[in-house]
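Shown here: target_32.txt, compact mmCIF, N, CA and C atoms.
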# COMPACT_ATOMS: atom_id res chain seq x y z
N MET A 125 0.82 -1.19 0.00
CA MET A 125 0.00 0.00 0.00
C MET A 125 0.87 1.26 0.00
N ARG A 126 1.91 1.24 0.82
CA ARG A 126 2.81 2.40 0.90
C ARG A 126 3.45 2.69 -0.46
N ALA A 127 3.89 1.65 -1.15
CA ALA A 127 4.52 1.83 -2.46
C ALA A 127 3.53 2.38 -3.47
N THR A 128 2.28 1.95 -3.39
CA THR A 128 1.25 2.44 -4.30
C THR A 128 0.99 3.92 -4.07
N ILE A 129 0.88 4.30 -2.82
CA ILE A 129 0.65 5.72 -2.49
C ILE A 129 1.82 6.56 -2.96
N ARG A 130 3.04 6.09 -2.69
CA ARG A 130 4.22 6.85 -3.11
C ARG A 130 4.26 7.00 -4.63
N ALA A 131 3.92 5.94 -5.35
CA ALA A 131 3.93 6.00 -6.81
C ALA A 131 2.87 6.99 -7.32
N GLU A 132 1.68 6.98 -6.71
CA GLU A 132 0.62 7.90 -7.13
C GLU A 132 1.00 9.34 -6.84
N VAL A 133 1.54 9.61 -5.66
CA VAL A 133 1.96 10.96 -5.31
C VAL A 133 3.06 11.43 -6.25
N THR A 134 4.01 10.56 -6.53
CA THR A 134 5.10 10.92 -7.43
C THR A 134 4.58 11.25 -8.81
N GLU A 135 3.64 10.47 -9.30
CA GLU A 135 3.05 10.72 -10.62
C GLU A 135 2.35 12.07 -10.67
N VAL A 136 1.54 12.36 -9.66
CA VAL A 136 0.83 13.64 -9.59
C VAL A 136 1.84 14.78 -9.50
N ALA A 137 2.81 14.64 -8.62
CA ALA A 137 3.79 15.71 -8.40
C ALA A 137 4.60 15.98 -9.66
N LEU A 138 5.08 14.95 -10.31
CA LEU A 138 5.88 15.17 -11.52
C LEU A 138 5.06 15.85 -12.61
N ARG A 139 3.80 15.49 -12.74
CA ARG A 139 2.95 16.16 -13.71
C ARG A 139 2.83 17.65 -13.38
N LEU A 140 2.56 17.95 -12.11
CA LEU A 140 2.43 19.35 -11.70
C LEU A 140 3.75 20.10 -11.85
N PHE A 141 4.85 19.45 -11.49
CA PHE A 141 6.15 20.11 -11.61
C PHE A 141 6.46 20.45 -13.07
N ILE A 142 6.14 19.53 -13.95
CA ILE A 142 6.41 19.76 -15.38
C ILE A 142 5.49 20.85 -15.92
N GLU A 143 4.22 20.84 -15.49
CA GLU A 143 3.26 21.84 -15.97
C GLU A 143 3.54 23.23 -15.40
N GLN A 144 3.82 23.31 -14.11
CA GLN A 144 3.89 24.60 -13.41
C GLN A 144 5.30 25.02 -13.02
N GLY A 145 6.20 24.07 -13.00
CA GLY A 145 7.53 24.33 -12.47
C GLY A 145 7.61 23.86 -11.03
N PHE A 146 8.79 23.47 -10.62
CA PHE A 146 8.98 22.93 -9.27
C PHE A 146 8.67 23.98 -8.20
N GLU A 147 9.23 25.15 -8.35
CA GLU A 147 9.08 26.20 -7.33
C GLU A 147 7.65 26.69 -7.21
N ARG A 148 6.90 26.72 -8.31
CA ARG A 148 5.53 27.24 -8.28
C ARG A 148 4.50 26.19 -7.83
N THR A 149 4.92 24.96 -7.73
CA THR A 149 4.01 23.90 -7.28
C THR A 149 4.15 23.75 -5.78
N THR A 150 3.03 23.80 -5.09
CA THR A 150 3.08 23.69 -3.63
C THR A 150 2.82 22.25 -3.17
N VAL A 151 3.30 21.97 -1.99
CA VAL A 151 3.05 20.66 -1.38
C VAL A 151 1.55 20.47 -1.17
N ASP A 152 0.87 21.57 -0.81
CA ASP A 152 -0.59 21.47 -0.62
C ASP A 152 -1.30 21.09 -1.91
N GLN A 153 -0.85 21.62 -3.05
CA GLN A 153 -1.45 21.23 -4.33
C GLN A 153 -1.24 19.75 -4.60
N ILE A 154 -0.04 19.29 -4.37
CA ILE A 154 0.28 17.88 -4.61
C ILE A 154 -0.59 17.00 -3.72
N ALA A 155 -0.64 17.33 -2.44
CA ALA A 155 -1.42 16.53 -1.50
C ALA A 155 -2.89 16.49 -1.90
N ALA A 156 -3.45 17.67 -2.25
CA ALA A 156 -4.87 17.73 -2.62
C ALA A 156 -5.16 16.88 -3.86
N GLU A 157 -4.31 16.99 -4.87
CA GLU A 157 -4.55 16.21 -6.10
C GLU A 157 -4.35 14.71 -5.88
N ALA A 158 -3.50 14.36 -4.92
CA ALA A 158 -3.28 12.95 -4.62
C ALA A 158 -4.28 12.41 -3.60
N GLY A 159 -5.12 13.29 -3.06
CA GLY A 159 -6.12 12.85 -2.09
C GLY A 159 -5.55 12.58 -0.72
N LEU A 160 -4.51 13.31 -0.37
CA LEU A 160 -3.87 13.15 0.94
C LEU A 160 -3.85 14.48 1.68
N SER A 161 -3.65 14.41 2.97
CA SER A 161 -3.38 15.63 3.72
C SER A 161 -1.89 15.95 3.59
N ARG A 162 -1.54 17.17 3.91
CA ARG A 162 -0.14 17.59 3.89
C ARG A 162 0.69 16.69 4.83
N ALA A 163 0.13 16.42 6.02
CA ALA A 163 0.84 15.58 6.99
C ALA A 163 1.06 14.17 6.45
N SER A 164 0.06 13.62 5.78
CA SER A 164 0.22 12.27 5.20
C SER A 164 1.29 12.27 4.12
N LEU A 165 1.30 13.31 3.30
CA LEU A 165 2.32 13.39 2.25
C LEU A 165 3.72 13.36 2.87
N PHE A 166 3.89 14.13 3.95
CA PHE A 166 5.21 14.17 4.58
C PHE A 166 5.53 12.90 5.38
N ARG A 167 4.55 12.06 5.65
CA ARG A 167 4.86 10.75 6.24
C ARG A 167 5.49 9.83 5.19
N HIS A 168 5.21 10.10 3.93
CA HIS A 168 5.75 9.27 2.85
C HIS A 168 7.03 9.85 2.25
N PHE A 169 7.19 11.16 2.34
CA PHE A 169 8.35 11.84 1.75
C PHE A 169 8.89 12.85 2.75
N GLY A 170 10.19 12.85 2.95
CA GLY A 170 10.79 13.76 3.91
C GLY A 170 10.73 15.22 3.49
N THR A 171 10.87 15.47 2.19
CA THR A 171 10.88 16.82 1.67
C THR A 171 10.18 16.85 0.32
N LYS A 172 9.87 18.04 -0.14
CA LYS A 172 9.28 18.20 -1.48
C LYS A 172 10.26 17.65 -2.52
N GLU A 173 11.54 17.89 -2.33
CA GLU A 173 12.56 17.40 -3.26
C GLU A 173 12.57 15.87 -3.32
N ASP A 174 12.33 15.24 -2.17
CA ASP A 174 12.34 13.77 -2.14
C ASP A 174 11.25 13.15 -3.01
N ILE A 175 10.17 13.89 -3.24
CA ILE A 175 9.13 13.38 -4.13
C ILE A 175 9.71 13.16 -5.53
N VAL A 176 10.55 14.07 -5.96
CA VAL A 176 11.17 13.97 -7.28
C VAL A 176 12.24 12.89 -7.30
N LEU A 177 12.95 12.76 -6.20
CA LEU A 177 14.14 11.92 -6.18
C LEU A 177 13.89 10.53 -5.58
N VAL A 178 12.66 10.20 -5.31
CA VAL A 178 12.31 8.97 -4.59
C VAL A 178 12.86 7.70 -5.25
N ASP A 179 12.93 7.67 -6.55
CA ASP A 179 13.33 6.44 -7.24
C ASP A 179 14.84 6.28 -7.43
N LEU A 180 15.61 7.27 -7.03
CA LEU A 180 17.05 7.22 -7.29
C LEU A 180 17.75 6.02 -6.67
N GLU A 181 17.41 5.71 -5.43
CA GLU A 181 18.06 4.56 -4.77
C GLU A 181 17.75 3.26 -5.51
N GLU A 182 16.49 3.10 -5.90
CA GLU A 182 16.10 1.88 -6.61
C GLU A 182 16.80 1.80 -7.97
N ILE A 183 16.87 2.91 -8.67
CA ILE A 183 17.56 2.91 -9.96
C ILE A 183 19.03 2.58 -9.76
N GLY A 184 19.63 3.14 -8.73
CA GLY A 184 21.03 2.83 -8.41
C GLY A 184 21.23 1.35 -8.15
N ARG A 185 20.31 0.75 -7.40
CA ARG A 185 20.39 -0.70 -7.13
C ARG A 185 20.27 -1.51 -8.42
N GLN A 186 19.36 -1.09 -9.29
CA GLN A 186 19.19 -1.81 -10.56
C GLN A 186 20.44 -1.72 -11.43
N ILE A 187 21.05 -0.55 -11.46
CA ILE A 187 22.29 -0.39 -12.23
C ILE A 187 23.39 -1.24 -11.62
N ALA A 188 23.51 -1.23 -10.30
CA ALA A 188 24.53 -2.04 -9.63
C ALA A 188 24.31 -3.53 -9.90
N ASP A 189 23.06 -3.97 -9.85
CA ASP A 189 22.74 -5.37 -10.14
C ASP A 189 23.08 -5.72 -11.59
N ALA A 190 22.75 -4.81 -12.50
CA ALA A 190 23.06 -5.05 -13.92
C ALA A 190 24.57 -5.13 -14.14
N LEU A 191 25.32 -4.29 -13.45
CA LEU A 191 26.77 -4.33 -13.56
C LEU A 191 27.32 -5.64 -12.99
N ALA A 192 26.80 -6.05 -11.85
CA ALA A 192 27.25 -7.31 -11.24
C ALA A 192 26.93 -8.52 -12.12
N ALA A 193 25.88 -8.41 -12.92
CA ALA A 193 25.47 -9.52 -13.78
C ALA A 193 26.25 -9.60 -15.09
N ARG A 194 27.07 -8.60 -15.38
CA ARG A 194 27.85 -8.62 -16.63
C ARG A 194 28.89 -9.74 -16.56
N PRO A 195 29.28 -10.28 -17.68
CA PRO A 195 30.28 -11.37 -17.69
C PRO A 195 31.61 -10.92 -17.07
N ASP A 196 32.22 -11.80 -16.30
CA ASP A 196 33.48 -11.48 -15.63
C ASP A 196 34.58 -11.08 -16.60
N GLU A 197 34.58 -11.67 -17.78
CA GLU A 197 35.64 -11.39 -18.74
C GLU A 197 35.44 -10.08 -19.51
N GLU A 198 34.27 -9.46 -19.33
CA GLU A 198 34.00 -8.21 -20.03
C GLU A 198 34.83 -7.08 -19.42
N ARG A 199 35.38 -6.25 -20.27
CA ARG A 199 36.19 -5.13 -19.81
C ARG A 199 35.28 -4.10 -19.12
N PRO A 200 35.78 -3.47 -18.06
CA PRO A 200 34.95 -2.51 -17.30
C PRO A 200 34.33 -1.42 -18.16
N TRP A 201 35.07 -0.90 -19.13
CA TRP A 201 34.54 0.19 -19.96
C TRP A 201 33.51 -0.30 -20.97
N GLU A 202 33.36 -1.60 -21.09
CA GLU A 202 32.26 -2.16 -21.88
C GLU A 202 31.08 -2.49 -20.96
N ALA A 203 31.39 -3.00 -19.78
CA ALA A 203 30.35 -3.42 -18.84
C ALA A 203 29.57 -2.23 -18.27
N LEU A 204 30.27 -1.17 -17.95
CA LEU A 204 29.61 -0.03 -17.32
C LEU A 204 28.51 0.59 -18.18
N PRO A 205 28.77 0.90 -19.45
CA PRO A 205 27.66 1.45 -20.25
C PRO A 205 26.50 0.47 -20.42
N ARG A 206 26.81 -0.83 -20.49
CA ARG A 206 25.74 -1.82 -20.62
C ARG A 206 24.89 -1.84 -19.34
N ALA A 207 25.50 -1.63 -18.20
CA ALA A 207 24.74 -1.59 -16.95
C ALA A 207 23.75 -0.42 -16.95
N PHE A 208 24.15 0.68 -17.56
CA PHE A 208 23.27 1.86 -17.64
C PHE A 208 22.15 1.70 -18.65
N ASP A 209 22.15 0.61 -19.39
CA ASP A 209 21.04 0.32 -20.29
C ASP A 209 19.72 0.22 -19.52
N VAL A 210 19.81 -0.07 -18.23
CA VAL A 210 18.62 -0.12 -17.37
C VAL A 210 17.88 1.22 -17.46
N MET A 211 18.61 2.30 -17.38
CA MET A 211 17.99 3.62 -17.45
C MET A 211 17.43 3.91 -18.84
N THR A 212 18.13 3.48 -19.84
CA THR A 212 17.65 3.69 -21.21
C THR A 212 16.31 3.00 -21.40
N ARG A 213 16.21 1.77 -20.95
CA ARG A 213 14.95 1.03 -21.09
C ARG A 213 13.82 1.70 -20.30
N MET A 214 14.15 2.22 -19.11
CA MET A 214 13.14 2.87 -18.28
C MET A 214 12.61 4.14 -18.94
N ASN A 215 13.45 4.83 -19.66
CA ASN A 215 13.10 6.14 -20.19
C ASN A 215 12.68 6.15 -21.65
N GLU A 216 12.81 5.03 -22.34
CA GLU A 216 12.54 5.03 -23.78
C GLU A 216 11.06 5.22 -24.12
N ALA A 217 10.17 4.89 -23.21
CA ALA A 217 8.74 5.01 -23.49
C ALA A 217 8.28 6.47 -23.51
N ALA A 218 8.95 7.33 -22.74
CA ALA A 218 8.53 8.73 -22.65
C ALA A 218 9.75 9.65 -22.62
N PRO A 219 10.47 9.74 -23.74
CA PRO A 219 11.70 10.53 -23.73
C PRO A 219 11.48 12.02 -23.44
N GLU A 220 10.35 12.57 -23.87
CA GLU A 220 10.08 13.99 -23.60
C GLU A 220 9.92 14.24 -22.11
N ARG A 221 9.23 13.33 -21.46
CA ARG A 221 9.04 13.46 -20.01
C ARG A 221 10.37 13.33 -19.29
N THR A 222 11.20 12.41 -19.74
CA THR A 222 12.52 12.24 -19.13
C THR A 222 13.34 13.50 -19.30
N LEU A 223 13.30 14.09 -20.47
CA LEU A 223 14.03 15.32 -20.72
C LEU A 223 13.52 16.45 -19.84
N SER A 224 12.22 16.56 -19.68
CA SER A 224 11.64 17.58 -18.79
C SER A 224 12.08 17.36 -17.36
N TYR A 225 12.10 16.11 -16.93
CA TYR A 225 12.54 15.76 -15.58
C TYR A 225 14.00 16.18 -15.38
N LEU A 226 14.86 15.83 -16.33
CA LEU A 226 16.28 16.16 -16.21
C LEU A 226 16.52 17.66 -16.23
N ARG A 227 15.76 18.37 -17.06
CA ARG A 227 15.88 19.83 -17.08
C ARG A 227 15.48 20.42 -15.74
N MET A 228 14.38 19.92 -15.18
CA MET A 228 13.91 20.40 -13.88
C MET A 228 14.98 20.14 -12.82
N LEU A 229 15.54 18.97 -12.84
CA LEU A 229 16.58 18.61 -11.88
C LEU A 229 17.78 19.55 -12.01
N GLN A 230 18.18 19.83 -13.22
CA GLN A 230 19.32 20.70 -13.47
C GLN A 230 19.02 22.16 -13.14
N ASP A 231 17.82 22.61 -13.41
CA ASP A 231 17.48 24.03 -13.28
C ASP A 231 16.99 24.44 -11.89
N THR A 232 16.82 23.50 -10.98
CA THR A 232 16.28 23.80 -9.66
C THR A 232 17.35 23.58 -8.60
N PRO A 233 17.89 24.67 -8.04
CA PRO A 233 18.98 24.54 -7.08
C PRO A 233 18.69 23.61 -5.90
N SER A 234 17.48 23.66 -5.35
CA SER A 234 17.19 22.80 -4.19
C SER A 234 17.16 21.33 -4.59
N LEU A 235 16.74 21.03 -5.81
CA LEU A 235 16.75 19.64 -6.29
C LEU A 235 18.18 19.16 -6.53
N ARG A 236 18.98 20.03 -7.13
CA ARG A 236 20.39 19.67 -7.37
C ARG A 236 21.08 19.40 -6.04
N ALA A 237 20.83 20.25 -5.05
CA ALA A 237 21.47 20.08 -3.75
C ALA A 237 21.03 18.78 -3.08
N ARG A 238 19.73 18.49 -3.09
CA ARG A 238 19.23 17.27 -2.46
C ARG A 238 19.72 16.03 -3.20
N HIS A 239 19.78 16.11 -4.52
CA HIS A 239 20.29 15.00 -5.33
C HIS A 239 21.74 14.72 -4.96
N TYR A 240 22.53 15.77 -4.86
CA TYR A 240 23.93 15.63 -4.50
C TYR A 240 24.07 15.04 -3.09
N GLU A 241 23.25 15.54 -2.18
CA GLU A 241 23.26 15.02 -0.81
C GLU A 241 22.97 13.51 -0.79
N LYS A 242 21.98 13.10 -1.58
CA LYS A 242 21.64 11.68 -1.64
C LYS A 242 22.77 10.87 -2.25
N GLN A 243 23.42 11.43 -3.26
CA GLN A 243 24.55 10.72 -3.88
C GLN A 243 25.69 10.53 -2.88
N LEU A 244 25.87 11.48 -1.99
CA LEU A 244 26.93 11.39 -0.99
C LEU A 244 26.57 10.50 0.18
N GLY A 245 25.32 10.06 0.22
CA GLY A 245 24.90 9.16 1.29
C GLY A 245 24.21 9.84 2.44
N GLY A 246 23.86 11.11 2.31
CA GLY A 246 23.18 11.82 3.37
C GLY A 246 21.69 11.66 3.28
N ARG A 247 21.24 10.43 3.19
CA ARG A 247 19.80 10.17 3.03
C ARG A 247 19.09 10.37 4.34
N LYS A 248 17.90 10.87 4.24
CA LYS A 248 17.07 11.07 5.42
C LYS A 248 16.28 9.83 5.71
Entire entry expressed as structure tokens:
Amino acid sequence: MRATIRAEVTEVALRLFIEQGFERTTVDQIAAEAGLSRASLFRHFGTKEDIVLVDLEEIGRQIADALAARPDEERPWEALPRAFDVMTRMNEAAPERTLSYLRMLQDTPSLRARHYEKQLGGRK
């Protein structure tokens, strides 16, 4: 149930962020469209930025698993790009949406900062 709620909130939020921009979209708007209270939304996500970045850990695990599954005799510089094929497959169905997501991530200082924090292991 928790995963379903998180997926629904993420879907609503990403749509609003792409339509309105990250900064102009409020947590209250996201909660209302997802049918949750503000408090419930924050029980599922630590910050507004985390709504956008929620899948990063899972994607990282999938890439790591794909890399571990590559043949032992394969050279690292061949294996590494093949491991990232996971992301290509995930994004091929909606490339415009992926591009909008990446632009938002790049253009929003608070998202860049939280993304960097998560990459460094400072997860909440």
Legend entry - Atom pair atom N of A:Arg194 / atom CA of A:Val178: separation (Å):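 Result for atom N of A:Arg194 versus atom CA of A:Val178: 25.4 Å, one decimal.
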Inset, instruction - Could you check which of A:Leu229, A:Leu140, A:His239, A:Leu244 is closest to A:Asp174, using only N, CA and C atoms? - result: A:His239
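Every protein or nucleic acid residue with an atom no more than 8 Å from stretch 206-214 of chain A, counting only C-alpha atoms and leaving out same-chain residues fewer than 6 positions away, appears here: Ile183, Gln186, Ile187, Ala188, Ala190, Leu191 and Arg194 of chain A.
One distance worth recording is that between atom CA of A:Gln153 and atom C of A:Arg238, which is 21.8 Å.
For the choices A:Lys242, A:Ala156, A:Met228, A:Arg236, the atom-to-atom distance to A:Ile142 is smallest for A:Met228 when using all atoms listed in the file.
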Legend entry - Spatial neighbours of A:Ala155, max dist 8 Å, all atoms listed in the file, sep filter under 2 positions, as a ChimeraX atom specification: /A:133,136-137,150-153,157-166
With N, CA and C atoms retained, write the just-selected residues as an mmCIF file, in the coordinates of the input.
data_model
loop_
_atom_site.group_PDB
_atom_site.id
_atom_site.type_symbol
_atom_site.label_atom_id
_atom_site.label_comp_id
_atom_site.auth_asym_id
_atom_site.auth_seq_id
_atom_site.Cartn_x
_atom_site.Cartn_y
_atom_site.Cartn_z
ATOM 1 N N VAL A 133 1.540 9.610 -5.660
ATOM 2 C CA VAL A 133 1.960 10.960 -5.310
ATOM 3 C C VAL A 133 3.060 11.430 -6.250
ATOM 4 N N VAL A 136 1.540 12.360 -9.660
ATOM 5 C CA VAL A 136 0.830 13.640 -9.590
ATOM 6 C C VAL A 136 1.840 14.780 -9.500
ATOM 7 N N ALA A 137 2.810 14.640 -8.620
ATOM 8 C CA ALA A 137 3.790 15.710 -8.400
ATOM 9 C C ALA A 137 4.600 15.980 -9.660
ATOM 10 N N THR A 150 3.030 23.800 -5.090
ATOM 11 C CA THR A 150 3.080 23.690 -3.630
ATOM 12 C C THR A 150 2.820 22.250 -3.170
ATOM 13 N N VAL A 151 3.300 21.970 -1.990
ATOM 14 C CA VAL A 151 3.050 20.660 -1.380
ATOM 15 C C VAL A 151 1.550 20.470 -1.170
ATOM 16 N N ASP A 152 0.870 21.570 -0.810
ATOM 17 C CA ASP A 152 -0.590 21.470 -0.620
ATOM 18 C C ASP A 152 -1.300 21.090 -1.910
ATOM 19 N N GLN A 153 -0.850 21.620 -3.050
ATOM 20 C CA GLN A 153 -1.450 21.230 -4.330
ATOM 21 C C GLN A 153 -1.240 19.750 -4.600
ATOM 22 N N GLU A 157 -4.310 16.990 -4.870
ATOM 23 C CA GLU A 157 -4.550 16.210 -6.100
ATOM 24 C C GLU A 157 -4.350 14.710 -5.880
ATOM 25 N N ALA A 158 -3.500 14.360 -4.920
ATOM 26 C CA ALA A 158 -3.280 12.950 -4.620
ATOM 27 C C ALA A 158 -4.280 12.410 -3.600
ATOM 28 N N GLY A 159 -5.120 13.290 -3.060
ATOM 29 C CA GLY A 159 -6.120 12.850 -2.090
ATOM 30 C C GLY A 159 -5.550 12.580 -0.720
ATOM 31 N N LEU A 160 -4.510 13.310 -0.370
ATOM 32 C CA LEU A 160 -3.870 13.150 0.940
ATOM 33 C C LEU A 160 -3.850 14.480 1.680
ATOM 34 N N SER A 161 -3.650 14.410 2.970
ATOM 35 C CA SER A 161 -3.380 15.630 3.720
ATOM 36 C C SER A 161 -1.890 15.950 3.590
ATOM 37 N N ARG A 162 -1.540 17.170 3.910
ATOM 38 C CA ARG A 162 -0.140 17.590 3.890
ATOM 39 C C ARG A 162 0.690 16.690 4.830
ATOM 40 N N ALA A 163 0.130 16.420 6.020
ATOM 41 C CA ALA A 163 0.840 15.580 6.990
ATOM 42 C C ALA A 163 1.060 14.170 6.450
ATOM 43 N N SER A 164 0.060 13.620 5.780
ATOM 44 C CA SER A 164 0.220 12.270 5.200
ATOM 45 C C SER A 164 1.290 12.270 4.120
ATOM 46 N N LEU A 165 1.300 13.310 3.300
ATOM 47 C CA LEU A 165 2.320 13.390 2.250
ATOM 48 C C LEU A 165 3.720 13.360 2.870
ATOM 49 N N PHE A 166 3.890 14.130 3.950
ATOM 50 C CA PHE A 166 5.210 14.170 4.580
ATOM 51 C C PHE A 166 5.530 12.900 5.380
#
Legend entry - Picked from chain A by DSSP as helix (DSSP H, G or I), as JSON, numbers by chain: {"A": [126, 127, 128, 129, 130, 131, 132, 133, 134, 135, 136, 137, 138, 139, 140, 141, 142, 143, 144, 151, 152, 153, 154, 155, 156, 157, 158, 162, 163, 164, 165, 166, 167, 168, 172, 173, 174, 175, 176, 177, 180, 181, 182, 183, 184, 185, 186, 187, 188, 189, 190, 191, 192, 200, 201, 202, 203, 204, 205, 206, 207, 209, 210, 211, 212, 213, 214, 215, 219, 220, 221, 222, 223, 224, 225, 226, 227, 228, 229, 230, 231, 233, 234, 235, 236, 237, 238, 239, 240, 241, 242, 243]}
Inset, instruction - Tell me which of A:Glu147, A:Glu241, A:Leu177, A:Ala193 sits closest to A:Leu226, counting only C-alpha atoms. - result: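 That would be A:Leu177, the residue with the smallest distance to A:Leu226.
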Legend entry - Straight-line distance linking atom C of A:Ile175 with atom N of A:Thr134, stated in Å to one decimal: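 Pair atom C of A:Ile175 / atom N of A:Thr134 returns 6.3 Å.
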Can you put all heavy atoms back into stretch 221-229 of chain A and show it as an mmCIF file, keeping the file's coordinate frame?
data_model
loop_
_atom_site.group_PDB
_atom_site.id
_atom_site.type_symbol
_atom_site.label_atom_id
_atom_site.label_comp_id
_atom_site.auth_asym_id
_atom_site.auth_seq_id
_atom_site.Cartn_x
_atom_site.Cartn_y
_atom_site.Cartn_z
ATOM 1 N N ARG A 221 9.230 13.330 -21.460
ATOM 2 C CA ARG A 221 9.040 13.460 -20.010
ATOM 3 C C ARG A 221 10.370 13.330 -19.290
ATOM 4 O O ARG A 221 10.642 14.062 -18.342
ATOM 5 C CB ARG A 221 8.063 12.387 -19.527
ATOM 6 C CG ARG A 221 7.777 12.492 -18.062
ATOM 7 C CD ARG A 221 6.815 11.423 -17.629
ATOM 8 N NE ARG A 221 6.741 11.405 -16.197
ATOM 9 C CZ ARG A 221 5.624 11.437 -15.515
ATOM 10 N NH1 ARG A 221 4.479 11.472 -16.143
ATOM 11 N NH2 ARG A 221 5.638 11.420 -14.208
ATOM 12 N N THR A 222 11.200 12.410 -19.740
ATOM 13 C CA THR A 222 12.520 12.240 -19.130
ATOM 14 C C THR A 222 13.340 13.500 -19.300
ATOM 15 O O THR A 222 13.999 13.961 -18.358
ATOM 16 C CB THR A 222 13.242 11.026 -19.751
ATOM 17 O OG1 THR A 222 12.443 9.866 -19.524
ATOM 18 C CG2 THR A 222 14.614 10.843 -19.146
ATOM 19 N N LEU A 223 13.300 14.090 -20.470
ATOM 20 C CA LEU A 223 14.030 15.320 -20.720
ATOM 21 C C LEU A 223 13.520 16.450 -19.840
ATOM 22 O O LEU A 223 14.304 17.200 -19.254
ATOM 23 C CB LEU A 223 13.940 15.697 -22.199
ATOM 24 C CG LEU A 223 14.763 16.899 -22.633
ATOM 25 C CD1 LEU A 223 16.244 16.703 -22.312
ATOM 26 C CD2 LEU A 223 14.578 17.144 -24.124
ATOM 27 N N SER A 224 12.220 16.560 -19.680
ATOM 28 C CA SER A 224 11.640 17.580 -18.790
ATOM 29 C C SER A 224 12.080 17.360 -17.360
ATOM 30 O O SER A 224 12.418 18.307 -16.639
ATOM 31 C CB SER A 224 10.104 17.537 -18.855
ATOM 32 O OG SER A 224 9.649 17.911 -20.117
ATOM 33 N N TYR A 225 12.100 16.110 -16.930
ATOM 34 C CA TYR A 225 12.540 15.760 -15.580
ATOM 35 C C TYR A 225 14.000 16.180 -15.380
ATOM 36 O O TYR A 225 14.352 16.812 -14.387
ATOM 37 C CB TYR A 225 12.372 14.256 -15.359
ATOM 38 C CG TYR A 225 12.956 13.746 -14.065
ATOM 39 C CD1 TYR A 225 12.215 13.780 -12.897
ATOM 40 C CD2 TYR A 225 14.253 13.238 -14.007
ATOM 41 C CE1 TYR A 225 12.739 13.315 -11.704
ATOM 42 C CE2 TYR A 225 14.786 12.772 -12.825
ATOM 43 C CZ TYR A 225 14.029 12.814 -11.675
ATOM 44 O OH TYR A 225 14.555 12.359 -10.496
ATOM 45 N N LEU A 226 14.860 15.830 -16.330
ATOM 46 C CA LEU A 226 16.280 16.160 -16.210
ATOM 47 C C LEU A 226 16.520 17.660 -16.230
ATOM 48 O O LEU A 226 17.379 18.163 -15.499
ATOM 49 C CB LEU A 226 17.074 15.450 -17.300
ATOM 50 C CG LEU A 226 17.121 13.929 -17.178
ATOM 51 C CD1 LEU A 226 17.767 13.316 -18.417
ATOM 52 C CD2 LEU A 226 17.834 13.501 -15.911
ATOM 53 N N ARG A 227 15.760 18.370 -17.060
ATOM 54 C CA ARG A 227 15.880 19.830 -17.080
ATOM 55 C C ARG A 227 15.480 20.420 -15.740
ATOM 56 O O ARG A 227 16.118 21.323 -15.213
ATOM 57 C CB ARG A 227 15.025 20.422 -18.189
ATOM 58 C CG ARG A 227 15.648 20.290 -19.539
ATOM 59 C CD ARG A 227 14.824 21.022 -20.584
ATOM 60 N NE ARG A 227 15.443 20.861 -21.882
ATOM 61 C CZ ARG A 227 14.799 20.595 -22.992
ATOM 62 N NH1 ARG A 227 13.474 20.461 -22.977
ATOM 63 N NH2 ARG A 227 15.433 20.465 -24.132
ATOM 64 N N MET A 228 14.380 19.920 -15.180
ATOM 65 C CA MET A 228 13.910 20.400 -13.880
ATOM 66 C C MET A 228 14.980 20.140 -12.820
ATOM 67 O O MET A 228 15.284 21.013 -11.998
ATOM 68 C CB MET A 228 12.600 19.708 -13.503
ATOM 69 C CG MET A 228 12.073 20.115 -12.147
ATOM 70 S SD MET A 228 10.515 19.296 -11.699
ATOM 71 C CE MET A 228 10.959 17.565 -11.756
ATOM 72 N N LEU A 229 15.540 18.970 -12.840
ATOM 73 C CA LEU A 229 16.580 18.610 -11.880
ATOM 74 C C LEU A 229 17.780 19.550 -12.010
ATOM 75 O O LEU A 229 18.311 20.039 -11.008
ATOM 76 C CB LEU A 229 17.010 17.158 -12.096
ATOM 77 C CG LEU A 229 17.955 16.533 -11.102
ATOM 78 C CD1 LEU A 229 17.360 16.500 -9.717
ATOM 79 C CD2 LEU A 229 18.317 15.126 -11.546
#
